[in-house]
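S.K.: You'll find input.txt just under this line, and it carries compact mmCIF, C-alpha atoms and all ligand atoms.
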# COMPACT_ATOMS: atom_id res chain seq x y z
CA MET S 106 1.29 128.53 -34.01
CA SER S 107 3.06 131.61 -32.55
CA GLY S 108 6.64 132.40 -33.43
CA ILE S 109 9.39 134.61 -32.06
CA GLY S 110 7.86 137.74 -33.65
CA GLU S 111 4.67 137.30 -31.67
CA PHE S 112 6.60 136.41 -28.48
CA ALA S 113 8.67 139.57 -28.89
CA ARG S 114 5.61 141.73 -29.53
CA VAL S 115 3.79 140.51 -26.41
CA GLY S 116 6.93 140.55 -24.23
CA THR S 117 7.92 144.06 -25.31
CA LYS S 118 4.43 145.42 -24.75
CA ALA S 119 4.37 143.88 -21.26
CA ALA S 120 7.78 145.39 -20.40
CA LEU S 121 6.72 148.85 -21.58
CA GLU S 122 3.44 148.67 -19.69
CA ALA S 123 5.18 147.50 -16.51
CA GLY S 124 7.73 150.30 -16.89
CA ARG S 125 4.93 152.84 -17.07
CA LEU S 126 3.42 151.33 -13.93
CA LEU S 127 6.76 151.70 -12.11
CA MET S 128 6.99 155.36 -13.14
CA LYS S 129 3.42 156.08 -12.09
CA HIS S 130 4.13 154.96 -8.53
CA VAL S 131 7.78 155.89 -7.99
CA ARG S 132 8.27 158.32 -5.08
CA THR S 133 4.73 157.64 -3.82
CA ASP S 134 3.77 156.10 -0.53
CA PHE S 135 3.88 152.39 -1.47
CA ALA S 136 4.21 149.52 1.01
CA VAL S 137 7.69 148.02 1.44
CA ALA S 138 8.42 144.63 3.03
CA HIS S 139 11.73 142.93 3.87
CA LYS S 140 12.67 139.58 2.28
CA GLY S 141 15.95 139.70 4.24
CA ASP S 142 18.11 142.19 6.20
CA VAL S 143 18.66 144.44 3.19
CA ASN S 144 16.48 142.71 0.58
CA LEU S 145 13.31 144.72 -0.04
CA VAL S 146 10.15 144.07 -2.00
CA THR S 147 7.57 146.77 -2.67
CA GLU S 148 3.94 146.38 -3.55
CA ILE S 149 4.88 147.83 -6.95
CA ASP S 150 7.29 144.91 -7.65
CA ILE S 151 4.32 142.63 -7.13
CA ALA S 152 1.87 144.70 -9.16
CA ALA S 153 4.33 144.93 -12.08
CA GLU S 154 4.91 141.18 -11.99
CA GLU S 155 1.16 140.47 -11.97
CA LEU S 156 0.75 142.71 -14.99
CA ILE S 157 3.56 141.04 -16.98
CA VAL S 158 2.56 137.48 -16.09
CA GLY S 159 -1.07 138.27 -16.90
CA ARG S 160 -0.22 139.61 -20.36
CA ILE S 161 2.04 136.67 -21.19
CA LEU S 162 -0.31 133.93 -20.02
CA GLU S 163 -3.24 135.59 -21.74
CA ALA S 164 -1.36 135.32 -25.04
CA PHE S 165 0.45 132.01 -24.41
CA PRO S 166 -1.45 130.01 -21.77
CA SER S 167 0.72 126.90 -22.12
CA HIS S 168 4.00 128.70 -21.43
CA THR S 169 5.93 128.48 -18.16
CA ILE S 170 6.65 131.48 -15.93
CA LEU S 171 9.78 131.79 -13.79
CA ALA S 172 9.29 135.09 -11.98
CA GLU S 173 11.07 136.55 -8.97
CA GLU S 174 8.12 137.34 -6.72
CA SER S 175 5.51 134.67 -7.53
CA SER S 176 7.28 131.63 -9.02
CA PRO S 177 11.02 131.74 -8.26
CA GLU S 178 11.27 127.94 -8.04
CA ALA S 179 9.29 127.08 -11.18
CA ARG S 180 10.51 124.12 -13.24
CA ARG S 181 11.41 125.13 -16.75
CA GLY S 182 9.09 124.19 -19.61
CA SER S 183 9.55 124.16 -23.39
CA HIS S 184 8.87 127.93 -23.39
CA THR S 185 9.91 129.67 -20.17
CA TRP S 186 9.55 133.38 -19.53
CA ILE S 187 12.09 134.59 -16.97
CA ILE S 188 10.88 137.78 -15.36
CA ASP S 189 12.26 140.44 -13.05
CA PRO S 190 9.43 142.96 -12.81
CA LEU S 191 11.64 145.52 -11.08
CA ASP S 192 15.40 145.12 -11.11
CA GLY S 193 16.81 147.73 -8.76
CA THR S 194 14.21 147.55 -6.00
CA THR S 195 16.47 149.27 -3.44
CA ASN S 196 16.94 152.16 -5.86
CA TYR S 197 13.21 152.27 -6.50
CA ALA S 198 12.39 152.33 -2.80
CA HIS S 199 14.71 155.33 -2.35
CA GLY S 200 13.61 157.15 -5.49
CA PHE S 201 17.04 156.71 -7.12
CA PRO S 202 16.26 156.62 -10.85
CA PHE S 203 18.16 153.51 -11.96
CA PHE S 204 15.86 150.52 -12.29
CA CYS S 205 14.24 148.49 -15.04
CA VAL S 206 11.98 145.66 -16.12
CA SER S 207 13.73 142.55 -17.44
CA ILE S 208 12.07 139.74 -19.41
CA GLY S 209 13.86 136.83 -21.07
CA LEU S 210 12.43 133.92 -23.04
CA GLU S 211 14.05 130.51 -23.03
CA ILE S 212 12.91 128.01 -25.67
CA GLU S 213 13.91 124.36 -25.22
CA GLY S 214 16.58 125.42 -22.73
CA GLU S 215 18.13 128.08 -24.96
CA LEU S 216 17.87 131.85 -24.32
CA GLU S 217 16.15 133.07 -27.49
CA TRP S 218 14.90 136.55 -26.81
CA GLY S 219 15.06 139.23 -24.14
CA VAL S 220 14.11 142.77 -23.35
CA VAL S 221 15.18 145.25 -20.66
CA TYR S 222 13.27 148.47 -20.31
CA ASN S 223 14.56 151.47 -18.33
CA PRO S 224 11.53 153.74 -17.99
CA ASN S 225 13.56 156.61 -16.48
CA LEU S 226 15.35 157.17 -19.78
CA ASP S 227 12.78 155.47 -21.99
CA GLU S 228 15.50 153.06 -23.14
CA LEU S 229 14.44 149.70 -24.51
CA PHE S 230 17.19 147.12 -24.95
CA ALA S 231 16.24 144.02 -26.95
CA ALA S 232 18.10 140.95 -28.15
CA HIS S 233 17.21 137.98 -30.32
CA ARG S 234 19.59 135.04 -30.53
CA GLY S 235 21.56 135.19 -33.76
CA HIS S 236 20.09 138.55 -34.73
CA GLY S 237 22.00 141.03 -32.57
CA ALA S 238 21.05 143.49 -29.85
CA LEU S 239 19.24 146.80 -30.15
CA LEU S 240 18.77 149.94 -28.09
CA ASN S 241 15.58 151.73 -29.12
CA ASP S 242 15.74 149.86 -32.43
CA GLU S 243 19.37 150.81 -33.21
CA PRO S 244 22.04 148.07 -33.22
CA ILE S 245 24.44 148.13 -30.26
CA ARG S 246 27.89 146.69 -29.70
CA VAL S 247 30.29 146.32 -26.80
CA SER S 248 33.14 148.81 -26.34
CA LYS S 249 36.63 148.63 -27.85
CA VAL S 250 38.53 149.36 -24.62
CA SER S 251 41.28 146.77 -24.55
CA SER S 252 42.94 147.02 -21.12
CA LEU S 253 41.62 146.62 -17.61
CA ASN S 254 43.61 149.69 -16.61
CA SER S 255 41.44 151.88 -18.89
CA SER S 256 38.14 150.12 -18.17
CA LEU S 257 34.99 151.32 -16.53
CA LEU S 258 33.55 148.32 -14.68
CA ALA S 259 30.33 147.61 -12.82
CA THR S 260 29.40 145.20 -10.07
CA GLY S 261 26.89 144.57 -7.31
CA PHE S 262 26.75 142.93 -3.90
CA PRO S 263 24.63 139.98 -2.83
CA TYR S 264 21.85 140.41 -0.27
CA ASP S 265 23.74 138.22 2.23
CA ILE S 266 26.60 140.78 2.29
CA ARG S 267 26.36 141.09 6.09
CA THR S 268 26.52 137.38 6.84
CA SER S 269 28.49 135.66 4.06
CA GLU S 270 32.23 135.79 3.44
CA GLN S 271 31.50 135.46 -0.28
CA ASN S 272 30.16 138.98 -0.40
CA ASN S 273 32.31 140.43 -3.23
CA LEU S 274 34.10 142.99 -1.05
CA ASP S 275 37.48 141.35 -1.74
CA TYR S 276 36.98 141.38 -5.53
CA PHE S 277 35.63 144.90 -5.36
CA ARG S 278 38.81 146.12 -3.66
CA GLU S 279 40.99 144.42 -6.24
CA PHE S 280 39.12 145.71 -9.29
CA ALA S 281 38.84 149.21 -7.80
CA LEU S 282 42.65 149.29 -7.66
CA ARG S 283 43.20 147.87 -11.17
CA ALA S 284 40.44 149.41 -13.31
CA GLN S 285 39.92 153.05 -14.22
CA ALA S 286 36.82 153.00 -11.99
CA VAL S 287 34.11 150.68 -10.69
CA ARG S 288 30.42 151.56 -10.37
CA ARG S 289 27.76 149.93 -8.19
CA ALA S 290 24.57 151.37 -9.61
CA GLY S 291 22.11 148.77 -8.27
CA SER S 292 20.57 146.98 -11.26
CA ALA S 293 22.37 143.95 -12.66
CA ALA S 294 20.08 143.80 -15.70
CA LEU S 295 20.94 147.39 -16.63
CA ASP S 296 24.63 146.81 -15.86
CA LEU S 297 24.61 144.00 -18.44
CA CYS S 298 22.81 146.21 -20.97
CA TYR S 299 25.40 148.91 -20.34
CA VAL S 300 28.15 146.41 -21.16
CA SER S 301 26.21 145.53 -24.33
CA SER S 302 26.02 149.16 -25.41
CA GLY S 303 29.65 150.00 -24.59
CA ARG S 304 28.91 152.24 -21.59
CA PHE S 305 30.65 149.76 -19.30
CA ASP S 306 33.57 147.63 -20.45
CA GLY S 307 33.02 144.84 -17.96
CA PHE S 308 30.81 143.61 -15.15
CA TRP S 309 31.06 140.88 -12.56
CA GLU S 310 28.80 139.70 -9.78
CA LEU S 311 28.12 136.60 -7.72
CA LYS S 312 24.89 134.95 -6.58
CA LEU S 313 22.69 136.53 -9.23
CA SER S 314 19.35 134.87 -9.96
CA PRO S 315 18.12 133.82 -13.43
CA TRP S 316 15.71 136.78 -13.65
CA ASP S 317 18.54 139.28 -13.00
CA CYS S 318 20.50 138.11 -16.01
CA ALA S 319 18.36 136.15 -18.52
CA ALA S 320 17.79 139.07 -20.89
CA GLY S 321 21.15 140.67 -20.01
CA TYR S 322 23.31 137.64 -20.87
CA LEU S 323 21.70 137.35 -24.28
CA MET S 324 22.13 141.09 -24.76
CA VAL S 325 25.88 140.95 -24.07
CA ARG S 326 26.41 137.93 -26.32
CA GLU S 327 24.38 139.42 -29.16
CA ALA S 328 26.35 142.67 -28.85
CA ALA S 329 29.56 140.65 -29.47
CA GLY S 330 30.57 140.49 -25.79
CA ARG S 331 31.47 137.50 -23.66
CA VAL S 332 29.85 135.98 -20.55
CA THR S 333 31.57 133.36 -18.40
CA ASP S 334 31.90 132.17 -14.84
CA PHE S 335 35.01 133.04 -12.78
CA LYS S 336 36.95 130.15 -14.36
CA GLY S 337 36.17 131.14 -17.94
CA GLU S 338 33.46 128.52 -18.60
CA PRO S 339 30.43 129.79 -20.56
CA GLY S 340 28.10 131.66 -18.20
CA THR S 341 24.67 130.23 -17.46
CA ILE S 342 21.85 132.18 -15.86
CA TYR S 343 21.45 129.32 -13.38
CA GLY S 344 25.07 129.61 -12.22
CA LYS S 345 26.29 131.76 -9.35
CA GLU S 346 29.24 133.55 -10.97
CA CYS S 347 29.17 136.11 -13.72
CA ILE S 348 31.82 137.95 -15.69
CA ALA S 349 30.44 139.86 -18.68
CA SER S 350 32.73 141.99 -20.79
CA ASN S 351 33.51 143.39 -24.20
CA GLY S 352 35.66 140.28 -24.74
CA LEU S 353 38.87 142.30 -24.99
CA ILE S 354 39.43 142.70 -21.24
CA HIS S 355 37.95 139.32 -20.33
CA HIS S 356 41.28 137.53 -19.87
CA GLU S 357 42.51 140.27 -17.54
CA MET S 358 39.34 140.01 -15.49
CA LEU S 359 39.71 136.22 -15.34
CA ASP S 360 43.33 136.65 -14.18
CA VAL S 361 42.13 138.60 -11.15
CA PHE S 362 39.81 135.77 -10.12
CA ARG S 363 42.54 133.19 -10.75
CA GLU S 364 45.08 135.14 -8.70
CA MET S 365 42.68 135.63 -5.84
CA ALA S 366 41.69 131.96 -5.83
CA SER S 367 45.36 130.95 -5.60
CA VAL S 368 45.90 133.33 -2.67
CA THR S 369 42.99 131.83 -0.70
CA THR S 370 43.84 128.15 -1.35
C1 LIG C 1 19.27 143.12 -7.48
C2 LIG C 1 19.97 144.12 -8.37
C3 LIG C 1 21.35 144.46 -7.81
C4 LIG C 1 22.20 143.23 -7.64
C5 LIG C 1 21.48 142.19 -6.78
C6 LIG C 1 20.11 141.87 -7.40
P1 LIG C 1 16.58 143.31 -7.33
O1 LIG C 1 18.00 142.77 -7.99
O2 LIG C 1 20.12 143.61 -9.67
O3 LIG C 1 22.07 145.32 -8.67
O4 LIG C 1 23.40 143.60 -7.02
O5 LIG C 1 22.29 141.04 -6.77
O6 LIG C 1 19.46 140.91 -6.62
O7 LIG C 1 16.46 142.67 -5.99
O8 LIG C 1 16.66 144.78 -7.27
O9 LIG C 1 15.58 142.78 -8.30
CA CA C 2 16.89 141.61 -9.78
CA CA C 3 13.46 142.37 -8.68
Show me this structure written as structure tokens.

M.R.:
Amino acid sequence: MSGIGEFARVGTKAALEAGRLLMKHVRTDFAVAHKGDVNLVTEIDIAAEELIVGRILEAFPSHTILAEESSPEARRGSHTWIIDPLDGTTNYAHGFPFFCVSIGLEIEGELEWGVVYNPNLDELFAAHRGHGALLNDEPIRVSKVSSLNSSLLATGFPYDIRTSEQNNLDYFREFALRAQAVRRAGSAALDLCYVSSGRFDGFWELKLSPWDCAAGYLMVREAAGRVTDFKGEPGTIYGKECIASNGLIHHEMLDVFREMASVTT
């Protein structure tokens, strides 16, 4: 029977291989299609996903795949691999070098292991539940910044930004005024890894999908950070609200959501 060591070996190899595939084709003439007004998918997203899914099912044929491009609605199994073959597709399509591969593994409903690979910087983030988080094999930890006023935050905007009122522009304004600065770099999985490694102090976003945050949530928690929804309940990758932070500024971030909710009700 395979154990977590074998799952991690196969998952890591698949992430590295997919990352190399992304780098081989970036800034080439690949086909791009629209999934929505501003939601793109390239033929490289699809090729990377096929590669990852192929490697995983070859090793573990009975496992379940929940993957953005080919099986976004899959029902979870006892072992479910949650895959974003290219997080940061808009960046990729424009040749902006901030994108990654994200793979998480849920066992019996619990996030057990995850990896995020940024091939631009050759940075491999990995986390194993109860065993901490690593960046290129070195342990990582969230930052020690203890006030929102001194924090560097990150966020993103949902693909229905043009049509939905819940498009994060109101929160963005508020945090931009209260934090030291806010970045919108275009890859939620990397944003979460940057919180894990202390490069960002906090992150929030709404309407993320499980593949955006499966590996990233585990990473933040294993790096001693905190992940919740906007009310402070433990964050789940199947929920629609995410606050991830170093823990120290979490209550101040929650206050902003509380204040804004009381203004709108
Ligand atoms: C997107 C990125 C982006 C976030 C969006 C995601 P994709 O994923 O993570 O930063 O703001 O919500 O959907 O489409 O590039 O895989
Ligand atoms: Ca994504
Ligand atoms: Ca994607």

S.K.: From (30.7, 132.4, -15.6), in the file's coordinates, out to 8 Å: which residues are reached, counting only C-alpha atoms? Answer as a ChimeraX atom specification.

M.R.: /S:332-341,344-348

S.K.: Find the residue from S:Ile245, S:Cys205, S:Leu240, S:Ile157 that sits nearest to S:Asp296; use all atoms listed in the file when measuring.

M.R.: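 Closest residue, counting all atoms listed in the file: S:Cys205.
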
S.K.: Using only C-alpha atoms, can you tell me which of S:Val158, S:Ala179, S:Ala329, S:Ala153 comes closest to S:Glu122?

M.R.: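 The closest residue to S:Glu122 is S:Ala153.
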
S.K.: Between atom CA of S:Leu171 and atom C1 of ligand LIG 1 (chain C), what is the distance in Å, rounded to a tenth?

M.R.: 16.1 Å

S.K.: Restricting the calculation to only C-alpha atoms: of S:Val361, S:Ala284, S:Ala152, S:Ala138, which residue gets closest to S:Ser252?

M.R.: S:Ala284

S.K.: Could you pull out the residues sitting within 10 Å of ligand CA 2 (chain C), using all atoms listed in the file, and write them as a list in words?

M.R.: Glu173, Ile188, Asp189, Pro190, Leu191, Asp192, Gly193, Thr194, Thr195, Phe204, Cys205, Val206, Ser207, Gly291, Ser292, Ala293, Ala294, Leu295, Leu313, Ser314, Pro315, Trp316, Asp317 and Cys318 of chain S

S.K.: What does the distance between atom CA of S:Val221 and atom CA of S:Trp309 come to in Å, to one decimal place?

M.R.: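 A separation of 18.4 Å between them.
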
S.K.: Quick check, in Å to one decimal: how far apart do atom CA of S:Glu211 and atom CA of S:Arg181 lie?

M.R.: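 Computing it gives 8.7 Å between the two atoms.
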
S.K.: Hey, could you pull the box centre and edge lengths for ligand LIG 1 (chain C), axis-aligned, 4 Å padding per side, all listed atoms, to one decimal in Å, as lines of an AutoDock Vina configuration file?

M.R.:
center_x = 19.5
center_y = 143.1
center_z = -7.8
size_x = 15.8
size_y = 12.4
size_z = 11.7

S.K.: Just want the 10 Å neighbourhood of S:Ala328, counted on all atoms listed in the file, with same-chain residues fewer than 2 positions away dropped. Output as a list in words.

M.R.: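 Counting all atoms listed in the file, the residues come to Ala232, His236, Gly237, Ala238, Leu239, Pro244, Ile245, Arg246, Val247, Ser248, Cys298, Val300, Ser301, Ser302, Gly303, Tyr322, Leu323, Met324, Val325, Arg326, Gly330, Arg331 and Asn351 of chain S.
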
S.K.: Keeping C-alpha atoms for every residue in the selection just given, could you write it to a file as a PDB file, in the frame of the given file?

M.R.:
ATOM      1  CA  ALA S 232      18.100 140.950 -28.150  1.00  0.00           C
ATOM      2  CA  HIS S 236      20.090 138.550 -34.730  1.00  0.00           C
ATOM      3  CA  GLY S 237      22.000 141.030 -32.570  1.00  0.00           C
ATOM      4  CA  ALA S 238      21.050 143.490 -29.850  1.00  0.00           C
ATOM      5  CA  LEU S 239      19.240 146.800 -30.150  1.00  0.00           C
ATOM      6  CA  PRO S 244      22.040 148.070 -33.220  1.00  0.00           C
ATOM      7  CA  ILE S 245      24.440 148.130 -30.260  1.00  0.00           C
ATOM      8  CA  ARG S 246      27.890 146.690 -29.700  1.00  0.00           C
ATOM      9  CA  VAL S 247      30.290 146.320 -26.800  1.00  0.00           C
ATOM     10  CA  SER S 248      33.140 148.810 -26.340  1.00  0.00           C
ATOM     11  CA  CYS S 298      22.810 146.210 -20.970  1.00  0.00           C
ATOM     12  CA  VAL S 300      28.150 146.410 -21.160  1.00  0.00           C
ATOM     13  CA  SER S 301      26.210 145.530 -24.330  1.00  0.00           C
ATOM     14  CA  SER S 302      26.020 149.160 -25.410  1.00  0.00           C
ATOM     15  CA  GLY S 303      29.650 150.000 -24.590  1.00  0.00           C
ATOM     16  CA  TYR S 322      23.310 137.640 -20.870  1.00  0.00           C
ATOM     17  CA  LEU S 323      21.700 137.350 -24.280  1.00  0.00           C
ATOM     18  CA  MET S 324      22.130 141.090 -24.760  1.00  0.00           C
ATOM     19  CA  VAL S 325      25.880 140.950 -24.070  1.00  0.00           C
ATOM     20  CA  ARG S 326      26.410 137.930 -26.320  1.00  0.00           C
ATOM     21  CA  GLY S 330      30.570 140.490 -25.790  1.00  0.00           C
ATOM     22  CA  ARG S 331      31.470 137.500 -23.660  1.00  0.00           C
ATOM     23  CA  ASN S 351      33.510 143.390 -24.200  1.00  0.00           C
TER      24      ASN S 351
END

S.K.: Which residue gives the smallest distance to S:Gly214 among S:Thr147, S:Phe201, S:Phe165, S:Thr185, with all atoms listed in the file counted?

M.R.: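 Closest residue, counting all atoms listed in the file: S:Thr185.
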
S.K.: Would you mind listing what lies within 6 Å of stretch 306-308 of chain S as a list in words, with all atoms listed in the file counted and same-chain residues fewer than 6 positions away left out?

M.R.: Ser256, Leu257, Leu258, Ala259, Thr260, Val300, Ile348, Ala349, Ser350 and Asn351 of chain S

S.K.: Quick one: of S:Ser367, S:Asn144, S:Asn223, S:Asn273, who's nearest to ligand CA 3 (chain C), counting all atoms listed in the file?

M.R.: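 When distances to ligand CA 3 (chain C) are compared using all atoms listed in the file, the smallest one comes from S:Asn144.
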
S.K.: Kindly indicate which residue among S:Tyr197, S:Trp186, S:Tyr222, S:Phe203 lies nearest to S:Ala123, using all atoms listed in the file for the distances.

M.R.: S:Tyr222

S.K.: Might you pull out every residue within 10 Å of S:Asn254, with all atoms listed in the file counted and same-chain residues fewer than 5 positions away left off, and present them as a compact mmCIF listing (two decimals) with C-alpha atoms, in the coordinates of the input?

M.R.:
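Output contents, as saved in selection-v4.txt:
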# COMPACT_ATOMS: atom_id res chain seq x y z
CA PHE S 280 39.12 145.71 -9.29
CA LEU S 282 42.65 149.29 -7.66
CA ARG S 283 43.20 147.87 -11.17
CA ALA S 284 40.44 149.41 -13.31
CA GLN S 285 39.92 153.05 -14.22
CA ALA S 286 36.82 153.00 -11.99
CA ILE S 354 39.43 142.70 -21.24
CA GLU S 357 42.51 140.27 -17.54
